[in-house]
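A.B. asks: My structure is stored as final-v8.json, with JSON, C-alpha atoms and all ligand atoms.
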```json
[["chain", "number", "residue", "atom", "x", "y", "z"],
["Z", 1, "MET", "CA", 40.81, -101.70, -20.13],
["Z", 2, "ARG", "CA", 42.55, -99.29, -17.81],
["Z", 3, "LEU", "CA", 39.68, -96.83, -18.08],
["Z", 4, "GLU", "CA", 37.22, -99.57, -17.29],
["Z", 5, "MET", "CA", 39.16, -100.52, -14.19],
["Z", 6, "GLN", "CA", 39.19, -96.92, -13.02],
["Z", 7, "ARG", "CA", 35.48, -96.66, -13.59],
["Z", 8, "MET", "CA", 34.82, -99.79, -11.60],
["Z", 9, "GLU", "CA", 37.06, -98.65, -8.79],
["Z", 10, "LYS", "CA", 35.26, -95.34, -8.69],
["Z", 11, "LEU", "CA", 31.87, -97.02, -8.60],
["Z", 12, "GLY", "CA", 33.13, -99.19, -5.76],
["Z", 13, "VAL", "CA", 34.18, -96.15, -3.74],
["Z", 14, "LEU", "CA", 30.92, -94.34, -4.43],
["Z", 15, "GLY", "CA", 28.92, -97.43, -3.52],
["Z", 16, "ASP", "CA", 30.73, -97.84, -0.19],
["Z", 17, "LEU", "CA", 30.28, -94.19, 0.50],
["Z", 18, "ALA", "CA", 26.58, -94.33, -0.40],
["Z", 19, "ALA", "CA", 26.12, -97.12, 2.13],
["Z", 20, "ALA", "CA", 27.96, -95.10, 4.77],
["Z", 21, "ILE", "CA", 25.88, -92.02, 3.94],
["Z", 22, "ALA", "CA", 22.63, -93.93, 4.28],
["Z", 23, "HIS", "CA", 23.82, -95.06, 7.68],
["Z", 24, "GLU", "CA", 24.88, -91.54, 8.74],
["Z", 25, "VAL", "CA", 21.60, -90.00, 7.59],
["Z", 26, "ARG", "CA", 19.53, -92.54, 9.46],
["Z", 27, "HIS", "CA", 20.81, -91.33, 12.83],
["Z", 28, "PRO", "CA", 19.61, -87.70, 12.66],
["Z", 29, "MET", "CA", 16.34, -88.89, 11.09],
["Z", 30, "THR", "CA", 15.74, -91.23, 14.04],
["Z", 31, "VAL", "CA", 16.49, -88.47, 16.51],
["Z", 32, "ALA", "CA", 14.24, -86.01, 14.67],
["Z", 33, "SER", "CA", 11.30, -88.41, 14.45],
["Z", 34, "GLY", "CA", 11.76, -89.35, 18.11],
["Z", 35, "PHE", "CA", 11.35, -85.74, 19.20],
["Z", 36, "LEU", "CA", 8.44, -85.14, 16.80],
["Z", 37, "GLN", "CA", 6.74, -88.15, 18.33],
["Z", 38, "LEU", "CA", 7.17, -86.71, 21.82],
["Z", 39, "ILE", "CA", 5.43, -83.55, 20.64],
["Z", 40, "GLN", "CA", 2.65, -85.57, 19.02],
["Z", 41, "GLU", "CA", 2.08, -87.53, 22.24],
["Z", 42, "GLU", "CA", 2.19, -84.26, 24.16],
["Z", 43, "LYS", "CA", 4.61, -85.56, 26.75],
["Z", 44, "ASN", "CA", 6.27, -82.70, 28.65],
["Z", 45, "PRO", "CA", 4.45, -80.05, 26.61],
["Z", 46, "GLY", "CA", 6.61, -77.38, 28.27],
["Z", 47, "ASP", "CA", 9.63, -78.60, 26.31],
["Z", 48, "LYS", "CA", 7.93, -78.36, 22.92],
["Z", 49, "ARG", "CA", 10.07, -75.53, 21.65],
["Z", 50, "HIS", "CA", 13.24, -77.32, 22.65],
["Z", 51, "TYR", "CA", 12.10, -80.51, 20.90],
["Z", 52, "ILE", "CA", 11.31, -78.62, 17.73],
["Z", 53, "THR", "CA", 14.75, -77.03, 17.75],
["Z", 54, "ILE", "CA", 16.44, -80.42, 18.08],
["Z", 55, "ALA", "CA", 14.30, -82.01, 15.37],
["Z", 56, "PHE", "CA", 15.01, -79.07, 13.06],
["Z", 57, "ASP", "CA", 18.79, -79.20, 13.70],
["Z", 58, "GLU", "CA", 18.88, -82.92, 13.05],
["Z", 59, "LEU", "CA", 16.93, -82.58, 9.80],
["Z", 60, "GLN", "CA", 19.38, -79.90, 8.68],
["Z", 61, "ARG", "CA", 22.25, -82.20, 9.52],
["Z", 62, "ALA", "CA", 20.75, -84.96, 7.40],
["Z", 63, "GLU", "CA", 20.28, -82.50, 4.57],
["Z", 64, "GLY", "CA", 23.90, -81.33, 4.88],
["Z", 65, "ILE", "CA", 25.19, -84.90, 4.61],
["Z", 66, "ILE", "CA", 23.13, -85.53, 1.47],
["Z", 67, "THR", "CA", 24.19, -82.22, -0.14],
["Z", 68, "ASP", "CA", 27.88, -82.95, 0.46],
["Z", 69, "TYR", "CA", 27.55, -86.49, -0.87],
["Z", 70, "LEU", "CA", 25.84, -85.31, -4.04],
["Z", 71, "ALA", "CA", 28.61, -82.76, -4.59],
["Z", 72, "PHE", "CA", 31.16, -85.56, -4.25],
["Z", 73, "ALA", "CA", 29.37, -88.01, -6.51],
["Z", 74, "LYS", "CA", 28.74, -85.52, -9.33],
["Z", 75, "PRO", "CA", 30.40, -86.51, -12.62],
["Z", 76, "GLU", "CA", 33.90, -85.20, -13.06],
["Z", 77, "ILE", "CA", 33.36, -83.91, -16.56],
["Z", 78, "GLN", "CA", 33.32, -80.15, -16.33],
["Z", 79, "GLU", "CA", 34.46, -77.16, -18.28],
["Z", 80, "LEU", "CA", 37.58, -75.59, -16.89],
["Z", 81, "GLU", "CA", 37.49, -71.87, -17.65],
["Z", 82, "SER", "CA", 39.68, -68.86, -17.00],
["Z", 83, "VAL", "CA", 38.59, -67.35, -13.69],
["Z", 84, "GLU", "CA", 39.65, -63.91, -12.45],
["Z", 85, "VAL", "CA", 41.12, -64.38, -8.97],
["Z", 86, "GLU", "CA", 40.51, -60.97, -7.39],
["Z", 87, "GLU", "CA", 36.85, -60.85, -8.40],
["Z", 88, "LYS", "CA", 36.23, -64.46, -7.34],
["Z", 89, "THR", "CA", 37.90, -63.97, -3.96],
["Z", 90, "ARG", "CA", 35.92, -60.78, -3.25],
["Z", 91, "GLN", "CA", 32.66, -62.59, -4.08],
["Z", 92, "VAL", "CA", 33.52, -65.40, -1.70],
["Z", 93, "LEU", "CA", 34.59, -62.99, 1.05],
["Z", 94, "ASN", "CA", 31.30, -61.12, 0.65],
["Z", 95, "LEU", "CA", 29.33, -64.33, 0.98],
["Z", 96, "MET", "CA", 31.23, -65.30, 4.12],
["Z", 97, "SER", "CA", 31.20, -61.87, 5.80],
["Z", 98, "SER", "CA", 28.00, -62.37, 7.80],
["Z", 99, "TYR", "CA", 29.15, -65.77, 9.05],
["Z", 100, "ALA", "CA", 32.44, -64.18, 10.17],
["Z", 101, "LEU", "CA", 30.64, -61.30, 11.89],
["Z", 102, "LEU", "CA", 28.39, -63.74, 13.72],
["Z", 103, "HIS", "CA", 31.48, -65.52, 15.08],
["Z", 104, "ASN", "CA", 33.42, -62.35, 15.99],
["Z", 105, "VAL", "CA", 35.96, -63.07, 13.29],
["Z", 106, "GLU", "CA", 37.71, -60.29, 11.41],
["Z", 107, "LEU", "CA", 38.28, -61.07, 7.73],
["Z", 108, "THR", "CA", 41.39, -59.51, 6.19],
["Z", 109, "ASN", "CA", 42.83, -60.00, 2.72],
["Z", 110, "GLU", "CA", 45.71, -59.31, 0.41],
["Z", 111, "ILE", "CA", 44.79, -60.21, -3.14],
["Z", 112, "HIS", "CA", 47.14, -59.40, -6.01],
["Z", 113, "ALA", "CA", 45.33, -57.99, -9.05],
["Z", 114, "GLY", "CA", 45.45, -59.33, -12.60],
["Z", 115, "MET", "CA", 45.74, -63.07, -11.91],
["Z", 116, "ARG", "CA", 43.60, -65.76, -13.53],
["Z", 117, "VAL", "CA", 43.29, -69.46, -12.79],
["Z", 118, "CYS", "CA", 42.14, -72.37, -14.91],
["Z", 119, "ALA", "CA", 39.23, -73.62, -12.81],
["Z", 120, "ASP", "CA", 35.60, -74.56, -12.52],
["Z", 121, "ALA", "CA", 34.18, -71.37, -10.96],
["Z", 122, "GLY", "CA", 31.49, -73.17, -8.96],
["Z", 123, "LYS", "CA", 33.90, -75.76, -7.58],
["Z", 124, "LEU", "CA", 36.47, -73.10, -6.69],
["Z", 125, "ASP", "CA", 33.75, -71.23, -4.74],
["Z", 126, "HIS", "CA", 32.88, -74.40, -2.91],
["Z", 127, "VAL", "CA", 36.51, -75.13, -1.95],
["Z", 128, "LEU", "CA", 37.29, -71.60, -0.74],
["Z", 129, "MET", "CA", 34.02, -71.30, 1.18],
["Z", 130, "ASN", "CA", 34.48, -74.65, 2.92],
["Z", 131, "VAL", "CA", 38.01, -73.86, 4.02],
["Z", 132, "ILE", "CA", 37.05, -70.34, 5.18],
["Z", 133, "LYS", "CA", 34.02, -71.72, 7.03],
["Z", 134, "ASN", "CA", 36.21, -74.26, 8.84],
["Z", 135, "GLY", "CA", 38.68, -71.49, 9.73],
["Z", 136, "ILE", "CA", 35.90, -69.39, 11.26],
["Z", 137, "GLU", "CA", 34.50, -72.41, 13.13],
["Z", 138, "ALA", "CA", 37.99, -73.10, 14.53],
["Z", 139, "MET", "CA", 37.81, -69.78, 16.45],
["Z", 140, "PRO", "CA", 35.04, -70.20, 19.04],
["Z", 141, "ASP", "CA", 36.15, -67.02, 20.84],
["Z", 142, "GLY", "CA", 36.60, -65.01, 17.67],
["Z", 143, "GLY", "CA", 39.86, -64.09, 15.98],
["Z", 144, "ARG", "CA", 41.28, -63.18, 12.62],
["Z", 145, "LEU", "CA", 41.08, -64.96, 9.29],
["Z", 146, "HIS", "CA", 43.48, -63.78, 6.60],
["Z", 147, "ILE", "CA", 43.19, -64.62, 2.91],
["Z", 148, "ALA", "CA", 45.98, -63.98, 0.46],
["Z", 149, "ALA", "CA", 46.34, -64.83, -3.21],
["Z", 150, "THR", "CA", 49.72, -64.69, -4.90],
["Z", 151, "ARG", "CA", 51.35, -66.05, -8.02],
["Z", 152, "MET", "CA", 53.79, -68.94, -7.72],
["Z", 153, "GLN", "CA", 55.37, -71.25, -10.33],
["Z", 154, "GLY", "CA", 52.50, -72.34, -12.55],
["Z", 155, "TYR", "CA", 49.91, -71.79, -9.83],
["Z", 156, "VAL", "CA", 47.99, -69.16, -7.98],
["Z", 157, "GLU", "CA", 48.30, -69.87, -4.28],
["Z", 158, "PHE", "CA", 45.36, -69.03, -2.02],
["Z", 159, "LEU", "CA", 46.49, -68.86, 1.60],
["Z", 160, "ILE", "CA", 43.79, -69.08, 4.25],
["Z", 161, "GLU", "CA", 45.10, -68.55, 7.77],
["Z", 162, "ASP", "CA", 43.21, -68.62, 11.05],
["Z", 163, "THR", "CA", 44.18, -67.97, 14.65],
["Z", 164, "GLY", "CA", 42.04, -70.84, 15.90],
["Z", 165, "VAL", "CA", 42.37, -74.08, 17.84],
["Z", 166, "GLY", "CA", 44.87, -75.68, 15.44],
["Z", 167, "MET", "CA", 45.52, -79.39, 14.92],
["Z", 168, "THR", "CA", 48.12, -82.02, 15.76],
["Z", 169, "MET", "CA", 49.93, -83.78, 12.90],
["Z", 170, "ASP", "CA", 47.66, -86.80, 13.35],
["Z", 171, "GLU", "CA", 44.60, -84.61, 13.03],
["Z", 172, "VAL", "CA", 45.97, -82.94, 9.91],
["Z", 173, "ALA", "CA", 46.57, -86.39, 8.39],
["Z", 174, "ARG", "CA", 42.88, -87.25, 8.84],
["Z", 175, "LEU", "CA", 41.60, -84.21, 6.94],
["Z", 176, "GLY", "CA", 39.53, -85.18, 3.93],
["Z", 177, "ASN", "CA", 38.59, -88.60, 5.29],
["Z", 178, "PRO", "CA", 34.82, -89.09, 5.04],
["Z", 179, "PHE", "CA", 32.99, -88.44, 8.32],
["Z", 180, "TYR", "CA", 36.05, -87.16, 10.16],
["Z", 181, "THR", "CA", 34.62, -84.37, 12.29],
["Z", 182, "THR", "CA", 35.23, -82.96, 15.76],
["Z", 183, "LYS", "CA", 32.06, -80.84, 15.70],
["Z", 184, "ASP", "CA", 28.68, -81.64, 17.28],
["Z", 185, "LYS", "CA", 26.88, -80.69, 14.09],
["Z", 186, "GLY", "CA", 29.65, -81.44, 11.61],
["Z", 187, "THR", "CA", 29.27, -83.79, 8.66],
["Z", 188, "GLY", "CA", 32.96, -84.49, 8.15],
["Z", 189, "LEU", "CA", 32.35, -84.29, 4.41],
["Z", 190, "GLY", "CA", 33.29, -80.67, 3.64],
["Z", 191, "LEU", "CA", 37.01, -81.25, 3.14],
["Z", 192, "MET", "CA", 36.46, -84.58, 1.40],
["Z", 193, "VAL", "CA", 34.58, -82.67, -1.29],
["Z", 194, "ALA", "CA", 37.12, -79.82, -1.28],
["Z", 195, "TYR", "CA", 40.09, -82.19, -1.72],
["Z", 196, "ARG", "CA", 38.35, -83.94, -4.57],
["Z", 197, "TYR", "CA", 37.45, -80.71, -6.35],
["Z", 198, "VAL", "CA", 41.02, -79.45, -6.10],
["Z", 199, "GLU", "CA", 42.24, -82.74, -7.53],
["Z", 200, "VAL", "CA", 39.78, -82.45, -10.43],
["Z", 201, "MET", "CA", 41.10, -78.93, -11.13],
["Z", 202, "ARG", "CA", 44.67, -80.35, -11.08],
["Z", 203, "GLY", "CA", 45.59, -78.28, -8.05],
["Z", 204, "LYS", "CA", 47.03, -79.06, -4.61],
["Z", 205, "ILE", "CA", 46.07, -78.50, -0.98],
["Z", 206, "LEU", "CA", 48.73, -78.26, 1.75],
["Z", 207, "VAL", "CA", 48.04, -77.76, 5.46],
["Z", 208, "GLN", "CA", 50.25, -76.43, 8.22],
["Z", 209, "SER", "CA", 48.88, -76.28, 11.73],
["Z", 210, "GLU", "CA", 49.91, -75.85, 15.31],
["Z", 211, "LYS", "CA", 47.71, -76.90, 18.22],
["Z", 212, "GLY", "CA", 46.44, -73.85, 20.09],
["Z", 213, "LYS", "CA", 47.95, -71.40, 17.58],
["Z", 214, "GLY", "CA", 46.12, -71.73, 14.28],
["Z", 215, "THR", "CA", 46.07, -73.25, 10.84],
["Z", 216, "ARG", "CA", 47.17, -72.29, 7.36],
["Z", 217, "PHE", "CA", 45.64, -73.85, 4.26],
["Z", 218, "SER", "CA", 47.50, -73.42, 0.98],
["Z", 219, "ILE", "CA", 45.30, -74.07, -2.05],
["Z", 220, "ARG", "CA", 47.15, -74.05, -5.36],
["Z", 221, "ILE", "CA", 45.22, -73.83, -8.60],
["Z", 222, "PRO", "CA", 46.90, -73.84, -12.04],
["Z", 223, "ILE", "CA", 47.42, -70.41, -13.59],
["Z", 224, "SER", "CA", 45.52, -69.55, -16.77],
["Z", 225, "ASP", "CA", 47.37, -67.55, -19.45],
["Z", 226, "LYS", "CA", 44.17, -66.50, -21.19],
["Z", 301, "LIG", "P1", 33.10, -80.53, 9.37],
["Z", 301, "LIG", "O1", 33.41, -79.06, 9.20],
["Z", 301, "LIG", "O2", 31.70, -80.87, 9.03],
["Z", 301, "LIG", "O3", 33.56, -81.07, 10.70],
["Z", 301, "LIG", "P2", 35.23, -80.86, 7.43],
["Z", 301, "LIG", "O4", 35.56, -81.96, 6.47],
["Z", 301, "LIG", "O5", 35.01, -79.51, 6.84],
["Z", 301, "LIG", "O6", 33.97, -81.34, 8.25],
["Z", 301, "LIG", "O7", 36.38, -80.75, 8.51],
["Z", 301, "LIG", "C1", 36.76, -81.91, 9.24],
["Z", 301, "LIG", "C2", 37.45, -81.59, 10.56],
["Z", 301, "LIG", "O8", 38.74, -81.01, 10.31],
["Z", 301, "LIG", "C3", 36.75, -80.56, 11.43],
["Z", 301, "LIG", "O9", 35.72, -81.13, 12.22],
["Z", 301, "LIG", "C4", 37.91, -80.04, 12.29],
["Z", 301, "LIG", "O10", 38.17, -80.90, 13.37],
["Z", 301, "LIG", "C5", 39.11, -80.13, 11.35],
["Z", 301, "LIG", "N1", 39.46, -78.82, 10.77],
["Z", 301, "LIG", "C6", 39.23, -78.41, 9.50],
["Z", 301, "LIG", "N2", 39.67, -77.15, 9.30],
["Z", 301, "LIG", "C7", 40.22, -76.76, 10.47],
["Z", 301, "LIG", "C8", 40.87, -75.54, 10.93],
["Z", 301, "LIG", "N3", 41.02, -74.48, 10.13],
["Z", 301, "LIG", "N4", 41.33, -75.50, 12.21],
["Z", 301, "LIG", "C9", 41.17, -76.57, 13.04],
["Z", 301, "LIG", "N5", 40.56, -77.73, 12.67],
["Z", 301, "LIG", "C10", 40.09, -77.82, 11.41],
["Z", 302, "MG", "MG", 33.53, -77.99, 7.38]]
```
Represent the structure from my file as structure tokens, please.
C.D. replies:
Amino acid sequence: MRLEMQRMEKLGVLGDLAAAIAHEVRHPMTVASGFLQLIQEEKNPGDKRHYITIAFDELQRAEGIITDYLAFAKPEIQELESVEVEEKTRQVLNLMSSYALLHNVELTNEIHAGMRVCADAGKLDHVLMNVIKNGIEAMPDGGRLHIAATRMQGYVEFLIEDTGVGMTMDEVARLGNPFYTTKDKGTGLGLMVAYRYVEVMRGKILVQSEKGKGTRFSIRIPISDK
């Protein structure tokens, strides 16, 4: 009975979200087709390149929204495995290094060796990459992003600190809400997925931030003894 209730509640949430997604995707599609139509009708042919860029950006935005939604709606059943922290963190840092370079952000790290977490490797990647990406995007004039991983009671704590724009307490409270974004091309779904994944892995996310100074994400994932 209880299980059934939970299932129904979940379906309700996913259904509401699906409706909201459909709505959100329609907007960039309308913009993209509008600009493609201008090209087709050959109005202001000089601006063609500009129109193509906009249409392309909007299509990518629509794709981003759908990708994030699918990640969220995926079934929860997954195999938790023992994941080596140092190796995983280095992989993620490697993947993010070009994005950091492009934004004039220096990536530094302090990863203790020999730790393992009980996690879904793919979901852990997704969480770390989303939080790092947000940190980089929070530093429009460049800066430093530091990643540390240390052992704490029952968990491995990943600390991700940026020297970016920071947030007020109200803004921090809105993190993880679907479609909350302050970016022109944001989806506002990245942290929603990250929060859910951490929950599924029985971990925790804590955020400390100061407007104009920077932000620190603490992501705690249960330790694996294996
Ligand atoms: P998106 O990145 O598409 O905007 P997210 O869910 O990843 O969506 O993030 C939601 C919002 O949270 C961002 O638009 C930004 O305003 C805020 N945010 C997230 N991380 C940070 C950070 N490190 N520093 C400042 N603001 C942040
Ligand atoms: Mg994001």
A.B. asks: Using all atoms listed in the file, which residues have at least one atom no more than 7 Å from ligand MG 302 (chain Z)? Output them as an mmCIF file with C-alpha atoms, in the frame of the given file.
C.D. replies:
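In the end it all went to part-v3.cif:
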```cif
data_model
loop_
_atom_site.group_PDB
_atom_site.id
_atom_site.type_symbol
_atom_site.label_atom_id
_atom_site.label_comp_id
_atom_site.auth_asym_id
_atom_site.auth_seq_id
_atom_site.Cartn_x
_atom_site.Cartn_y
_atom_site.Cartn_z
ATOM 1 C CA ASN Z 130 34.480 -74.650 2.920
ATOM 2 C CA VAL Z 131 38.010 -73.860 4.020
ATOM 3 C CA LYS Z 133 34.020 -71.720 7.030
ATOM 4 C CA ASN Z 134 36.210 -74.260 8.840
ATOM 5 C CA GLY Z 186 29.650 -81.440 11.610
ATOM 6 C CA GLY Z 188 32.960 -84.490 8.150
ATOM 7 C CA GLY Z 190 33.290 -80.670 3.640
ATOM 8 C CA LEU Z 191 37.010 -81.250 3.140
#
```
A.B. asks: Determine the nearest neighbour of Glu81 in chain Z from the options Z:Ala32, Z:Leu124, Z:Val105, Z:Ile111, counting all atoms listed in the file.
C.D. replies: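 The answer is Z:Leu124, which sits nearest to Glu81 in chain Z.
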A.B. asks: So which residues touch Asp125 in chain Z within 12 Å, counting only C-alpha atoms, skipping near sequence neighbours fewer than 3 positions away, as a CSV table (one decimal) with C-alpha atoms, in the frame of the given file?
C.D. replies:
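As a result, selection15.csv now contains:
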```csv
chain,number,residue,atom,x,y,z
Z,83,VAL,CA,38.6,-67.4,-13.7
Z,85,VAL,CA,41.1,-64.4,-9.0
Z,87,GLU,CA,36.8,-60.8,-8.4
Z,88,LYS,CA,36.2,-64.5,-7.3
Z,89,THR,CA,37.9,-64.0,-4.0
Z,90,ARG,CA,35.9,-60.8,-3.2
Z,91,GLN,CA,32.7,-62.6,-4.1
Z,92,VAL,CA,33.5,-65.4,-1.7
Z,93,LEU,CA,34.6,-63.0,1.0
Z,94,ASN,CA,31.3,-61.1,0.6
Z,95,LEU,CA,29.3,-64.3,1.0
Z,96,MET,CA,31.2,-65.3,4.1
Z,119,ALA,CA,39.2,-73.6,-12.8
Z,120,ASP,CA,35.6,-74.6,-12.5
Z,121,ALA,CA,34.2,-71.4,-11.0
Z,122,GLY,CA,31.5,-73.2,-9.0
Z,128,LEU,CA,37.3,-71.6,-0.7
Z,129,MET,CA,34.0,-71.3,1.2
Z,130,ASN,CA,34.5,-74.6,2.9
Z,131,VAL,CA,38.0,-73.9,4.0
Z,132,ILE,CA,37.0,-70.3,5.2
Z,133,LYS,CA,34.0,-71.7,7.0
Z,193,VAL,CA,34.6,-82.7,-1.3
Z,194,ALA,CA,37.1,-79.8,-1.3
Z,197,TYR,CA,37.4,-80.7,-6.4
Z,198,VAL,CA,41.0,-79.4,-6.1
```
A.B. asks: Kindly compute an axis-aligned box around the listed atoms of range 18-25 of chain Z, allowing 3 Å on each side, and express its centre and edge lengths in Å to one decimal as AutoDock Vina command-line options.
C.D. replies:
```
--center_x 24.8 --center_y -93.6 --center_z 4.2 --size_x 12.4 --size_y 13.1 --size_z 15.1
```
A.B. asks: Just give me the gap between atom P2 of ligand LIG 301 (chain Z) and CA of Val156 in chain Z in Å, one decimal is fine.
C.D. replies: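 Interatomic distance here is 23.2 Å.
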A.B. asks: Write range 97-122 of chain Z as a PDB file, in the frame of the given file, completed to N, CA and C atoms.
C.D. replies:
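Result went into result11.pdb, see below:
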```pdb
ATOM      1  N   SER Z  97      31.017 -62.960   4.831  1.00  0.00           N
ATOM      2  CA  SER Z  97      31.200 -61.870   5.800  1.00  0.00           C
ATOM      3  C   SER Z  97      30.208 -61.938   6.967  1.00  0.00           C
ATOM      4  N   SER Z  98      28.953 -62.342   6.693  1.00  0.00           N
ATOM      5  CA  SER Z  98      28.000 -62.370   7.800  1.00  0.00           C
ATOM      6  C   SER Z  98      28.318 -63.511   8.763  1.00  0.00           C
ATOM      7  N   TYR Z  99      28.771 -64.625   8.204  1.00  0.00           N
ATOM      8  CA  TYR Z  99      29.150 -65.770   9.050  1.00  0.00           C
ATOM      9  C   TYR Z  99      30.319 -65.391   9.958  1.00  0.00           C
ATOM     10  N   ALA Z 100      31.271 -64.631   9.393  1.00  0.00           N
ATOM     11  CA  ALA Z 100      32.440 -64.180  10.170  1.00  0.00           C
ATOM     12  C   ALA Z 100      31.988 -63.229  11.283  1.00  0.00           C
ATOM     13  N   LEU Z 101      31.132 -62.290  10.931  1.00  0.00           N
ATOM     14  CA  LEU Z 101      30.640 -61.300  11.890  1.00  0.00           C
ATOM     15  C   LEU Z 101      29.953 -61.993  13.073  1.00  0.00           C
ATOM     16  N   LEU Z 102      29.135 -62.975  12.723  1.00  0.00           N
ATOM     17  CA  LEU Z 102      28.390 -63.740  13.720  1.00  0.00           C
ATOM     18  C   LEU Z 102      29.318 -64.448  14.701  1.00  0.00           C
ATOM     19  N   HIS Z 103      30.522 -64.795  14.237  1.00  0.00           N
ATOM     20  CA  HIS Z 103      31.480 -65.520  15.080  1.00  0.00           C
ATOM     21  C   HIS Z 103      32.593 -64.617  15.605  1.00  0.00           C
ATOM     22  N   ASN Z 104      32.406 -63.303  15.518  1.00  0.00           N
ATOM     23  CA  ASN Z 104      33.420 -62.350  15.990  1.00  0.00           C
ATOM     24  C   ASN Z 104      34.761 -62.533  15.301  1.00  0.00           C
ATOM     25  N   VAL Z 105      34.719 -62.856  14.037  1.00  0.00           N
ATOM     26  CA  VAL Z 105      35.960 -63.070  13.290  1.00  0.00           C
ATOM     27  C   VAL Z 105      36.160 -61.926  12.298  1.00  0.00           C
ATOM     28  N   GLU Z 106      37.365 -61.357  12.343  1.00  0.00           N
ATOM     29  CA  GLU Z 106      37.710 -60.290  11.410  1.00  0.00           C
ATOM     30  C   GLU Z 106      38.307 -60.907  10.151  1.00  0.00           C
ATOM     31  N   LEU Z 107      37.749 -60.553   9.005  1.00  0.00           N
ATOM     32  CA  LEU Z 107      38.280 -61.070   7.730  1.00  0.00           C
ATOM     33  C   LEU Z 107      39.227 -60.038   7.141  1.00  0.00           C
ATOM     34  N   THR Z 108      40.464 -60.432   6.855  1.00  0.00           N
ATOM     35  CA  THR Z 108      41.390 -59.510   6.190  1.00  0.00           C
ATOM     36  C   THR Z 108      41.893 -60.173   4.917  1.00  0.00           C
ATOM     37  N   ASN Z 109      42.344 -59.383   3.958  1.00  0.00           N
ATOM     38  CA  ASN Z 109      42.830 -60.000   2.720  1.00  0.00           C
ATOM     39  C   ASN Z 109      43.914 -59.203   2.033  1.00  0.00           C
ATOM     40  N   GLU Z 110      44.658 -59.915   1.214  1.00  0.00           N
ATOM     41  CA  GLU Z 110      45.710 -59.310   0.410  1.00  0.00           C
ATOM     42  C   GLU Z 110      45.710 -60.060  -0.922  1.00  0.00           C
ATOM     43  N   ILE Z 111      44.976 -59.501  -1.881  1.00  0.00           N
ATOM     44  CA  ILE Z 111      44.790 -60.210  -3.140  1.00  0.00           C
ATOM     45  C   ILE Z 111      45.485 -59.440  -4.265  1.00  0.00           C
ATOM     46  N   HIS Z 112      46.457 -60.053  -4.891  1.00  0.00           N
ATOM     47  CA  HIS Z 112      47.140 -59.400  -6.010  1.00  0.00           C
ATOM     48  C   HIS Z 112      46.211 -59.324  -7.224  1.00  0.00           C
ATOM     49  N   ALA Z 113      46.237 -58.186  -7.909  1.00  0.00           N
ATOM     50  CA  ALA Z 113      45.330 -57.990  -9.050  1.00  0.00           C
ATOM     51  C   ALA Z 113      45.896 -58.646 -10.312  1.00  0.00           C
ATOM     52  N   GLY Z 114      45.020 -58.889 -11.263  1.00  0.00           N
ATOM     53  CA  GLY Z 114      45.450 -59.330 -12.600  1.00  0.00           C
ATOM     54  C   GLY Z 114      45.808 -60.796 -12.741  1.00  0.00           C
ATOM     55  N   MET Z 115      45.412 -61.639 -11.771  1.00  0.00           N
ATOM     56  CA  MET Z 115      45.740 -63.070 -11.910  1.00  0.00           C
ATOM     57  C   MET Z 115      44.493 -63.841 -12.337  1.00  0.00           C
ATOM     58  N   ARG Z 116      44.710 -64.884 -13.126  1.00  0.00           N
ATOM     59  CA  ARG Z 116      43.600 -65.760 -13.530  1.00  0.00           C
ATOM     60  C   ARG Z 116      44.007 -67.210 -13.309  1.00  0.00           C
ATOM     61  N   VAL Z 117      43.031 -68.028 -12.930  1.00  0.00           N
ATOM     62  CA  VAL Z 117      43.290 -69.460 -12.790  1.00  0.00           C
ATOM     63  C   VAL Z 117      42.428 -70.253 -13.754  1.00  0.00           C
ATOM     64  N   CYS Z 118      42.895 -71.465 -14.055  1.00  0.00           N
ATOM     65  CA  CYS Z 118      42.140 -72.370 -14.910  1.00  0.00           C
ATOM     66  C   CYS Z 118      41.325 -73.255 -13.962  1.00  0.00           C
ATOM     67  N   ALA Z 119      40.027 -72.971 -13.860  1.00  0.00           N
ATOM     68  CA  ALA Z 119      39.230 -73.620 -12.810  1.00  0.00           C
ATOM     69  C   ALA Z 119      37.784 -73.772 -13.226  1.00  0.00           C
ATOM     70  N   ASP Z 120      37.049 -74.509 -12.416  1.00  0.00           N
ATOM     71  CA  ASP Z 120      35.600 -74.560 -12.520  1.00  0.00           C
ATOM     72  C   ASP Z 120      35.112 -73.576 -11.443  1.00  0.00           C
ATOM     73  N   ALA Z 121      34.489 -72.473 -11.883  1.00  0.00           N
ATOM     74  CA  ALA Z 121      34.180 -71.370 -10.960  1.00  0.00           C
ATOM     75  C   ALA Z 121      33.339 -71.849  -9.765  1.00  0.00           C
ATOM     76  N   GLY Z 122      32.367 -72.691 -10.024  1.00  0.00           N
ATOM     77  CA  GLY Z 122      31.490 -73.170  -8.960  1.00  0.00           C
ATOM     78  C   GLY Z 122      32.252 -74.030  -7.950  1.00  0.00           C
TER      79      GLY Z 122
END
```
